[in-house]
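Pasting my_file.tsv here (TSV, C-alpha atoms):
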chain	number	residue	atom	x	y	z
A	1	MET	CA	0.00	0.00	0.00
A	2	ASN	CA	1.39	3.38	-1.10
A	3	THR	CA	1.95	5.49	2.08
A	4	ASP	CA	1.37	8.85	0.35
A	5	LEU	CA	-1.91	7.56	-1.05
A	6	LEU	CA	-3.01	6.34	2.38
A	7	ILE	CA	-2.15	9.68	4.06
A	8	VAL	CA	-4.01	11.69	1.38
A	9	ALA	CA	-7.00	9.32	1.60
A	10	LEU	CA	-7.12	9.50	5.42
A	11	LEU	CA	-6.87	13.32	5.45
A	12	ALA	CA	-9.53	13.71	2.75
A	13	GLY	CA	-11.75	11.03	4.36
A	14	ALA	CA	-11.49	12.64	7.82
A	15	ALA	CA	-12.33	16.05	6.35
A	16	ASN	CA	-15.28	14.53	4.48
A	17	TRP	CA	-16.60	13.00	7.69
A	18	ALA	CA	-16.13	16.31	9.53
A	19	PHE	CA	-17.87	18.30	6.76
A	20	ARG	CA	-20.79	15.90	6.60
A	21	ALA	CA	-21.27	14.93	10.27
A	22	LEU	CA	-20.10	17.77	12.51
A	23	PRO	CA	-22.64	20.39	11.38
A	24	ILE	CA	-25.39	17.83	12.13
A	25	LEU	CA	-23.96	16.77	15.51
A	26	LEU	CA	-23.53	20.44	16.49
A	27	ARG	CA	-26.95	21.34	15.00
A	28	THR	CA	-25.44	24.39	13.33
A	29	ASP	CA	-28.78	24.94	11.58
A	30	ARG	CA	-29.99	26.35	14.92
A	31	MET	CA	-27.31	29.02	14.89
A	32	ALA	CA	-28.09	32.20	12.99
A	33	LEU	CA	-24.99	32.27	10.83
A	34	GLY	CA	-25.76	35.37	8.76
A	35	GLY	CA	-23.29	37.72	7.09
A	36	TRP	CA	-20.58	37.13	4.54
A	37	LEU	CA	-19.65	33.65	5.77
A	38	GLU	CA	-23.14	32.34	5.12
A	39	ARG	CA	-23.08	33.83	1.60
A	40	PHE	CA	-19.60	32.39	0.99
A	41	LEU	CA	-20.64	28.91	2.16
A	42	SER	CA	-23.93	28.92	0.28
A	43	ALA	CA	-22.13	29.87	-2.96
A	44	THR	CA	-19.36	27.29	-2.50
A	45	GLY	CA	-21.55	24.32	-3.51
A	46	PRO	CA	-22.85	25.69	-6.84
A	47	ALA	CA	-19.41	27.18	-7.62
A	48	ALA	CA	-17.70	23.83	-6.96
A	49	ILE	CA	-20.13	21.86	-9.12
A	50	ALA	CA	-19.98	24.41	-11.98
A	51	THR	CA	-16.18	24.34	-11.83
A	52	LEU	CA	-16.06	20.55	-11.87
A	53	PHE	CA	-18.40	20.35	-14.86
A	54	VAL	CA	-16.47	22.93	-16.87
A	55	GLY	CA	-13.13	21.38	-15.88
A	56	SER	CA	-14.31	17.91	-16.93
A	57	ILE	CA	-15.53	18.89	-20.42
A	58	LEU	CA	-12.68	21.28	-21.29
A	59	PRO	CA	-10.31	18.52	-22.51
A	60	ALA	CA	-13.02	17.21	-24.87
A	61	LEU	CA	-13.64	20.55	-26.62
A	62	THR	CA	-12.43	20.59	-30.22
A	63	PRO	CA	-13.29	22.54	-33.42
A	64	ASP	CA	-13.79	19.19	-35.20
A	65	LEU	CA	-17.60	18.83	-35.24
A	66	ILE	CA	-17.59	15.03	-35.68
A	67	ARG	CA	-15.31	14.54	-32.68
A	68	LEU	CA	-17.42	17.04	-30.73
A	69	LEU	CA	-20.68	15.17	-31.50
A	70	PRO	CA	-20.51	12.69	-28.55
A	71	LEU	CA	-20.13	15.64	-26.15
A	72	ILE	CA	-23.10	17.44	-27.75
A	73	THR	CA	-25.38	14.38	-27.62
A	74	GLY	CA	-24.21	13.52	-24.09
A	75	VAL	CA	-24.90	17.02	-22.74
A	76	SER	CA	-28.26	17.14	-24.58
A	77	ALA	CA	-29.26	13.77	-23.10
A	78	VAL	CA	-28.42	14.95	-19.57
A	79	LEU	CA	-30.54	18.06	-20.11
A	80	GLY	CA	-33.41	16.01	-21.60
A	81	GLY	CA	-33.08	13.33	-18.89
A	82	TRP	CA	-33.18	15.95	-16.15
A	83	LEU	CA	-36.23	17.72	-17.62
A	84	ALA	CA	-38.06	14.42	-18.05
A	85	THR	CA	-37.27	12.72	-14.73
A	86	ARG	CA	-35.79	15.34	-12.34
A	87	SER	CA	-33.47	12.54	-11.22
A	88	VAL	CA	-29.74	13.16	-11.00
A	89	ALA	CA	-28.93	9.44	-11.38
A	90	LEU	CA	-31.17	8.86	-14.42
A	91	ALA	CA	-30.07	12.06	-16.17
A	92	THR	CA	-26.43	11.00	-15.64
A	93	LEU	CA	-27.10	7.55	-17.06
A	94	ALA	CA	-28.95	9.04	-20.07
A	95	GLY	CA	-25.95	11.27	-20.81
A	96	ALA	CA	-23.44	8.43	-20.55
A	97	ILE	CA	-25.54	6.13	-22.76
A	98	ALA	CA	-26.04	8.84	-25.43
A	99	HIS	CA	-22.32	9.67	-25.37
A	100	GLY	CA	-21.29	6.02	-25.70
A	101	ALA	CA	-23.90	5.33	-28.41
A	102	THR	CA	-22.67	8.31	-30.45
A	103	VAL	CA	-19.08	7.09	-30.24
A	104	TRP	CA	-20.29	3.65	-31.40
A	105	MET	CA	-22.22	5.15	-34.35
A	106	ILE	CA	-19.34	7.37	-35.45
A	107	GLY	CA	-17.08	4.33	-35.24
B	1	MET	CA	-38.65	-2.05	16.07
B	2	ILE	CA	-40.86	-2.91	13.10
B	3	SER	CA	-41.21	0.76	12.12
B	4	GLN	CA	-37.45	1.17	12.38
B	5	ARG	CA	-36.94	-1.81	10.09
B	6	SER	CA	-39.52	-0.47	7.67
B	7	ALA	CA	-37.81	2.95	7.66
B	8	LEU	CA	-34.46	1.24	7.00
B	9	LEU	CA	-35.97	-0.71	4.09
B	10	SER	CA	-37.70	2.39	2.78
B	11	GLY	CA	-34.36	4.24	2.80
B	12	PHE	CA	-32.67	1.30	1.11
B	13	SER	CA	-35.30	1.21	-1.60
B	14	ALA	CA	-34.96	4.99	-2.12
B	15	SER	CA	-31.22	4.45	-2.62
B	16	LEU	CA	-31.74	2.21	-5.70
B	17	PRO	CA	-31.70	5.02	-8.32
B	18	ILE	CA	-28.55	6.40	-6.67
B	19	ALA	CA	-26.98	2.93	-6.60
B	20	MET	CA	-27.75	2.49	-10.31
B	21	GLY	CA	-25.96	5.73	-11.06
B	22	TYR	CA	-23.07	5.05	-8.69
B	23	PHE	CA	-22.10	1.59	-9.91
B	24	PRO	CA	-20.89	2.59	-13.40
B	25	ILE	CA	-19.14	5.69	-12.03
B	26	SER	CA	-17.28	3.74	-9.36
B	27	PHE	CA	-16.59	1.00	-11.91
B	28	SER	CA	-14.90	3.57	-14.13
B	29	PHE	CA	-13.02	4.84	-11.06
B	30	GLY	CA	-11.75	1.30	-10.38
B	31	VAL	CA	-10.64	0.96	-14.00
B	32	ALA	CA	-9.00	4.43	-13.98
B	33	ALA	CA	-7.16	3.62	-10.73
B	34	THR	CA	-5.64	0.42	-12.07
B	35	GLN	CA	-4.83	2.21	-15.34
B	36	GLY	CA	-2.99	4.79	-13.23
B	37	GLY	CA	-0.87	2.06	-11.67
B	38	PHE	CA	-2.73	1.58	-8.38
B	39	SER	CA	-3.54	-1.85	-6.97
B	40	VAL	CA	-7.03	-3.24	-6.38
B	41	ILE	CA	-6.60	-2.73	-2.61
B	42	GLU	CA	-5.47	0.88	-3.11
B	43	ALA	CA	-8.41	1.67	-5.42
B	44	PHE	CA	-10.86	0.06	-2.97
B	45	SER	CA	-9.29	1.91	-0.01
B	46	LEU	CA	-9.79	5.29	-1.75
B	47	SER	CA	-13.49	4.52	-2.19
B	48	LEU	CA	-13.82	3.15	1.34
B	49	ILE	CA	-12.07	6.08	3.08
B	50	ILE	CA	-12.81	9.13	0.89
B	51	TYR	CA	-16.21	8.14	-0.58
B	52	ALA	CA	-16.54	11.18	-2.85
B	53	GLY	CA	-16.50	10.62	-6.61
B	54	ALA	CA	-14.91	13.78	-7.97
B	55	SER	CA	-12.32	13.88	-5.17
B	56	GLN	CA	-11.27	10.33	-5.90
B	57	PHE	CA	-10.75	10.96	-9.60
B	58	LEU	CA	-8.81	14.11	-8.73
B	59	ALA	CA	-6.77	12.13	-6.17
B	60	LEU	CA	-5.70	9.80	-8.99
B	61	ALA	CA	-4.73	12.74	-11.20
B	62	LEU	CA	-2.80	14.51	-8.43
B	63	LEU	CA	-0.99	11.44	-7.11
B	64	THR	CA	0.00	10.14	-10.54
B	65	SER	CA	1.24	13.61	-11.59
B	66	GLY	CA	3.49	13.76	-8.52
B	67	ALA	CA	1.74	16.71	-6.83
B	68	PRO	CA	3.02	17.38	-3.27
B	69	LEU	CA	1.18	15.42	-0.60
B	70	LEU	CA	-0.19	18.40	1.33
B	71	VAL	CA	-1.27	20.20	-1.87
B	72	SER	CA	-3.12	17.03	-2.93
B	73	ALA	CA	-4.82	16.65	0.46
B	74	PHE	CA	-5.78	20.35	0.62
B	75	THR	CA	-7.20	20.27	-2.92
B	76	LEU	CA	-9.35	17.24	-2.12
B	77	ILE	CA	-10.53	18.78	1.16
B	78	ALA	CA	-11.37	22.11	-0.53
B	79	MET	CA	-13.32	20.27	-3.19
B	80	ASN	CA	-15.75	18.83	-0.63
B	81	LEU	CA	-16.23	21.97	1.44
B	82	ARG	CA	-19.73	22.29	0.00
B	83	HIS	CA	-20.75	19.28	2.11
B	84	VAL	CA	-20.62	21.51	5.20
B	85	LEU	CA	-23.91	22.99	4.03
B	86	TYR	CA	-25.77	19.71	3.53
B	87	GLY	CA	-26.21	18.76	7.20
B	88	PRO	CA	-27.65	22.12	8.32
B	89	ALA	CA	-29.95	22.28	5.27
B	90	LEU	CA	-31.22	18.74	5.95
B	91	MET	CA	-31.70	19.22	9.71
B	92	ARG	CA	-33.51	22.51	9.16
B	93	GLU	CA	-36.09	20.55	7.14
B	94	ALA	CA	-36.06	17.65	9.62
B	95	GLY	CA	-37.08	19.94	12.49
B	96	ASP	CA	-35.90	20.62	16.04
B	97	LYS	CA	-37.05	17.28	17.46
B	98	ALA	CA	-35.21	15.13	14.89
B	99	SER	CA	-32.78	12.70	16.52
B	100	THR	CA	-29.10	12.98	15.60
B	101	ARG	CA	-27.90	10.28	18.02
B	102	HIS	CA	-26.37	8.13	15.29
B	103	ALA	CA	-25.47	10.95	12.90
B	104	TRP	CA	-21.77	10.30	13.53
B	105	ALA	CA	-22.26	7.12	11.49
B	106	TRP	CA	-24.91	7.83	8.83
B	107	ALA	CA	-23.72	11.36	8.05
B	108	PHE	CA	-20.51	10.00	6.45
B	109	GLY	CA	-22.80	8.78	3.66
B	110	LEU	CA	-24.31	12.22	3.05
B	111	THR	CA	-23.10	12.58	-0.52
B	112	ASP	CA	-24.60	15.02	-3.04
B	113	GLU	CA	-27.16	12.49	-4.25
B	114	VAL	CA	-28.02	11.06	-0.81
B	115	PHE	CA	-28.53	14.61	0.46
B	116	GLY	CA	-30.74	15.43	-2.55
B	117	GLN	CA	-32.82	12.27	-2.10
B	118	ALA	CA	-33.24	12.80	1.68
B	119	LEU	CA	-34.18	16.46	1.25
B	120	GLY	CA	-36.67	15.51	-1.48
B	121	ALA	CA	-38.30	12.92	0.82
B	122	LEU	CA	-38.69	15.52	3.60
B	123	ALA	CA	-40.08	18.04	1.10
B	124	ARG	CA	-42.69	15.43	0.08
B	125	GLY	CA	-43.85	15.26	3.71
B	126	GLN	CA	-41.93	12.19	4.91
B	127	LYS	CA	-40.89	12.28	8.58
B	128	PHE	CA	-37.14	12.35	9.25
B	129	SER	CA	-35.75	9.12	10.69
B	130	GLU	CA	-32.21	7.92	11.28
B	131	PRO	CA	-32.94	4.33	10.11
B	132	TYR	CA	-34.14	5.81	6.79
B	133	MET	CA	-30.86	7.73	6.51
B	134	PHE	CA	-28.94	4.51	7.25
B	135	GLY	CA	-30.88	2.61	4.57
B	136	LEU	CA	-30.35	5.36	2.01
B	137	GLY	CA	-26.66	5.64	2.82
B	138	ILE	CA	-25.90	1.91	2.96
B	139	GLY	CA	-27.44	1.24	-0.48
B	140	ALA	CA	-25.42	4.02	-2.10
B	141	TYR	CA	-22.16	3.15	-0.25
B	142	ALA	CA	-22.46	-0.57	-1.08
B	143	SER	CA	-22.93	0.25	-4.75
B	144	TRP	CA	-19.93	2.61	-4.70
B	145	LEU	CA	-17.66	0.03	-3.07
B	146	SER	CA	-18.78	-2.92	-5.20
B	147	GLY	CA	-18.47	-0.88	-8.42
B	148	THR	CA	-14.92	0.13	-7.46
B	149	ALA	CA	-13.96	-3.46	-6.69
B	150	VAL	CA	-15.42	-4.86	-9.92
B	151	GLY	CA	-13.78	-2.08	-11.99
B	152	ALA	CA	-10.40	-2.55	-10.30
B	153	PHE	CA	-10.52	-6.33	-10.75
B	154	ALA	CA	-11.55	-5.93	-14.40
B	155	GLY	CA	-8.42	-3.80	-14.75
B	156	GLY	CA	-7.14	-1.10	-17.04
B	157	GLY	CA	-7.30	-3.22	-20.18
B	158	ALA	CA	-10.86	-4.41	-19.53
B	159	LEU	CA	-12.47	-1.95	-21.90
B	160	ASP	CA	-9.84	-1.80	-24.64
B	161	GLY	CA	-12.04	-3.79	-27.04
B	162	TRP	CA	-15.15	-1.77	-26.11
B	163	PRO	CA	-14.45	1.88	-27.04
B	164	ALA	CA	-18.13	2.94	-26.93
B	165	ILE	CA	-18.60	1.57	-23.39
B	166	SER	CA	-15.30	3.09	-22.35
B	167	ALA	CA	-16.39	6.47	-23.79
B	168	GLY	CA	-19.78	6.23	-22.06
B	169	LEU	CA	-18.17	5.46	-18.71
B	170	GLY	CA	-15.67	8.26	-19.28
B	171	PHE	CA	-18.56	10.69	-19.76
B	172	MET	CA	-20.28	9.55	-16.56
B	173	LEU	CA	-18.52	12.15	-14.41
B	174	PRO	CA	-19.16	15.25	-16.60
B	175	ALA	CA	-22.76	14.01	-16.91
B	176	LEU	CA	-23.04	13.69	-13.12
B	177	PHE	CA	-21.68	17.21	-12.57
B	178	LEU	CA	-24.08	18.65	-15.16
B	179	ALA	CA	-27.05	16.82	-13.63
B	180	LEU	CA	-26.06	18.06	-10.15
B	181	LEU	CA	-25.69	21.58	-11.52
B	182	LEU	CA	-29.21	21.38	-13.00
B	183	SER	CA	-30.57	20.07	-9.69
B	184	ILE	CA	-29.35	23.15	-7.78
B	185	LEU	CA	-29.80	25.71	-10.55
B	186	SER	CA	-31.63	28.88	-9.56
B	187	ARG	CA	-31.71	32.47	-10.80
B	188	ARG	CA	-29.97	33.48	-7.58
B	189	GLN	CA	-27.03	31.16	-8.21
B	190	LEU	CA	-26.55	32.05	-11.91
B	191	PRO	CA	-23.84	34.74	-11.36
B	192	VAL	CA	-21.92	32.35	-9.07
B	193	ILE	CA	-22.10	29.56	-11.66
B	194	ALA	CA	-21.19	31.84	-14.60
B	195	ILE	CA	-18.17	33.39	-12.85
B	196	ALA	CA	-16.96	30.00	-11.56
B	197	GLY	CA	-17.18	28.54	-15.08
B	198	ALA	CA	-15.48	31.49	-16.79
B	199	VAL	CA	-12.61	31.64	-14.28
B	200	THR	CA	-12.11	27.87	-14.57
B	201	VAL	CA	-11.69	28.17	-18.35
B	202	ALA	CA	-9.34	31.16	-18.10
B	203	ALA	CA	-7.16	29.73	-15.29
B	204	THR	CA	-6.98	26.30	-16.95
B	205	LEU	CA	-5.79	27.86	-20.22
B	206	VAL	CA	-3.33	30.26	-18.57
B	207	ILE	CA	-2.04	28.21	-15.60
B	208	SER	CA	-3.15	24.57	-15.23
B	209	ALA	CA	-6.21	22.33	-14.85
B	210	THR	CA	-5.75	22.00	-11.07
B	211	SER	CA	-5.43	25.78	-10.64
B	212	GLY	CA	-8.49	26.21	-12.86
B	213	ILE	CA	-10.61	24.11	-10.50
B	214	LEU	CA	-9.39	25.84	-7.33
B	215	LEU	CA	-9.56	29.41	-8.68
B	216	GLY	CA	-12.92	28.82	-10.36
B	217	MET	CA	-14.39	27.55	-7.10
B	218	LEU	CA	-12.92	30.47	-5.13
B	219	ALA	CA	-14.10	33.07	-7.67
B	220	GLY	CA	-17.63	31.64	-7.59
B	221	ALA	CA	-17.73	31.65	-3.78
B	222	VAL	CA	-16.42	35.26	-3.63
B	223	THR	CA	-19.12	36.23	-6.16
B	224	GLY	CA	-21.62	34.81	-3.67
B	225	VAL	CA	-20.21	37.07	-0.92
B	226	LEU	CA	-20.34	40.19	-3.12
B	227	ARG	CA	-23.86	39.44	-4.31
B	228	ARG	CA	-26.65	41.47	-2.72

Take the structure in the file and write it out as structure tokens.
Amino acid sequence: MNTDLLIVALLAGAANWAFRALPILLRTDRMALGGWLERFLSATGPAAIATLFVGSILPALTPDLIRLLPLITGVSAVLGGWLATRSVALATLAGAIAHGATVWMIG
Amino acid sequence: MISQRSALLSGFSASLPIAMGYFPISFSFGVAATQGGFSVIEAFSLSLIIYAGASQFLALALLTSGAPLLVSAFTLIAMNLRHVLYGPALMREAGDKASTRHAWAWAFGLTDEVFGQALGALARGQKFSEPYMFGLGIGAYASWLSGTAVGAFAGGGALDGWPAISAGLGFMLPALFLALLLSILSRRQLPVIAIAGAVTVAATLVISATSGILLGMLAGAVTGVLRR
């Protein structure tokens, strides 16, 4: 077992537990947070997800329309899947299936 | 006792759509980990200990690129900071009398999707219960761990002859992020999302992909502070 990997995993895992459990155990929802910290925290989630989405599709962007097609159909299927089902899991699956099917059709 | 068991089963059954989405993602994580030179045990340990999809993929990228240990750990921790908000948001809906006796255990499973599903159940009028949270969390966690194990055992070369499946699995993560983005999208969050996206593009092009993610996130959060 790689020691660096284990240390990184334990630090990230402990932080994950703390982020997910401590606010519940401390019932921070009862505290009136208010102010800039509340705005910062409430914007962190959407900012993180937007960043991760943009960062994950950037390497696939290309001026070649044929090579771009799987990305276009995949993104369209996620949008369509979300509008039809309002389910994160099903919209994700729809996007992955459309992306894979387009790659298969292009050959 | 019976109602606790029924709440547990109800949570488990509500986890099925999440489990269906998690399995292929964690499978592709297992494959990516072995492709990156990690062993089956190492891939499984990352899923067992971190249990956060995007962080785990980023962990692979950082560790294989030789990023310093503390930089890697800080990046992964920063990436999951948003989870701080999930507990308070959920408990606010659950009400003052909701028990949190076993939250030290079930809250580890409060991922984006588990949070969304639990919040949705409360919004539909379901009463908060810890057994339900355990059922929901266990189903999703079991799927995540088994997908990782199967992917890691299948190995890096498993999908070489199946380019379409490989491409579909590779798109699972961008698709998940987009679906999550749609699930939280509101007029109020649009400036945050737009600035985060634009700064990510600019910083990735000018500096690096890792800097793009960190700076994009920070710029979006600062936009939230400046917003009136």

Lys97 (chain B) proximity check over A:Arg39, A:Arg30, A:Val78, A:Thr85, using all atoms listed in the file: winner is A:Arg30

Just want the 9 Å neighbourhood of Leu190 (chain B), counted on only C-alpha atoms, with same-chain residues fewer than 5 positions away dropped. Output as a list in words.
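Selected residues are Pro46 of chain A; Leu185 and Ile195 of chain B.
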
Residue contacts of Ala203 (chain B) (10 Å, all atoms listed in the file) excluding same-chain residues fewer than 5 positions away, as a list in words
Ala198, Ser208, Ala209, Thr210, Ser211, Gly212, Ile213, Leu214, Leu215 and Gly216 of chain B

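Interatomic distance, CA of Ala94 (chain B) to CA of Ala15 (chain A): 24.0 Å.
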
Which is closer to Phe57 (chain B) than all the others in A:Gly80, A:Ala43, A:Leu10, A:Leu52, using all atoms listed in the file?
A:Leu52

From CA of Ala18 (chain A) to CA of Ala33 (chain B) the spacing works out at 25.5 Å

Counting only C-alpha atoms, the residue of A:Ile106, A:Leu26, A:Ala21, A:Ala94 that sits nearest chain B
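For chain B, the nearest of the given residues is A:Ala21.
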
Tell me, counting all atoms listed in the file, for each residue of region 14-75 of chain A within 12 Å of region 160-168 of chain B, which pair of atoms is nearest and how far apart they are in Å to one decimal, in rows ordered by chain and increasing number, as CSV.
residue,atom,partner,partner_atom,distance
A:Ala60,CA,B:Ala167,CA,11.3
A:Pro70,CA,B:Ala167,CA,8.8
A:Leu71,CA,B:Ala167,CA,10.2
A:Thr73,CA,B:Gly168,CA,11.3
A:Gly74,CA,B:Gly168,CA,8.8
A:Val75,CA,B:Gly168,CA,12.0

Which residue of A:Val54, A:Ile49, A:Ala84, A:Leu79 approaches Leu180 (chain B) most closely, using all atoms listed in the file
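Checking each candidate against Leu180 (chain B), we get A:Ile49 as the closest.
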
Provide the CA of Ala47 (chain A) to CA of Ser55 (chain B) distance in Å, to one decimal place.
15.3 Å

Give me, as a VMD selection string, all polymer residues having an atom no more than 9 Å from Trp36 (chain A), counting all atoms listed in the file and skipping those fewer than 3 positions away in the same chain.
(chain A and resid 39 to 41) or (chain B and resid 224 to 226)
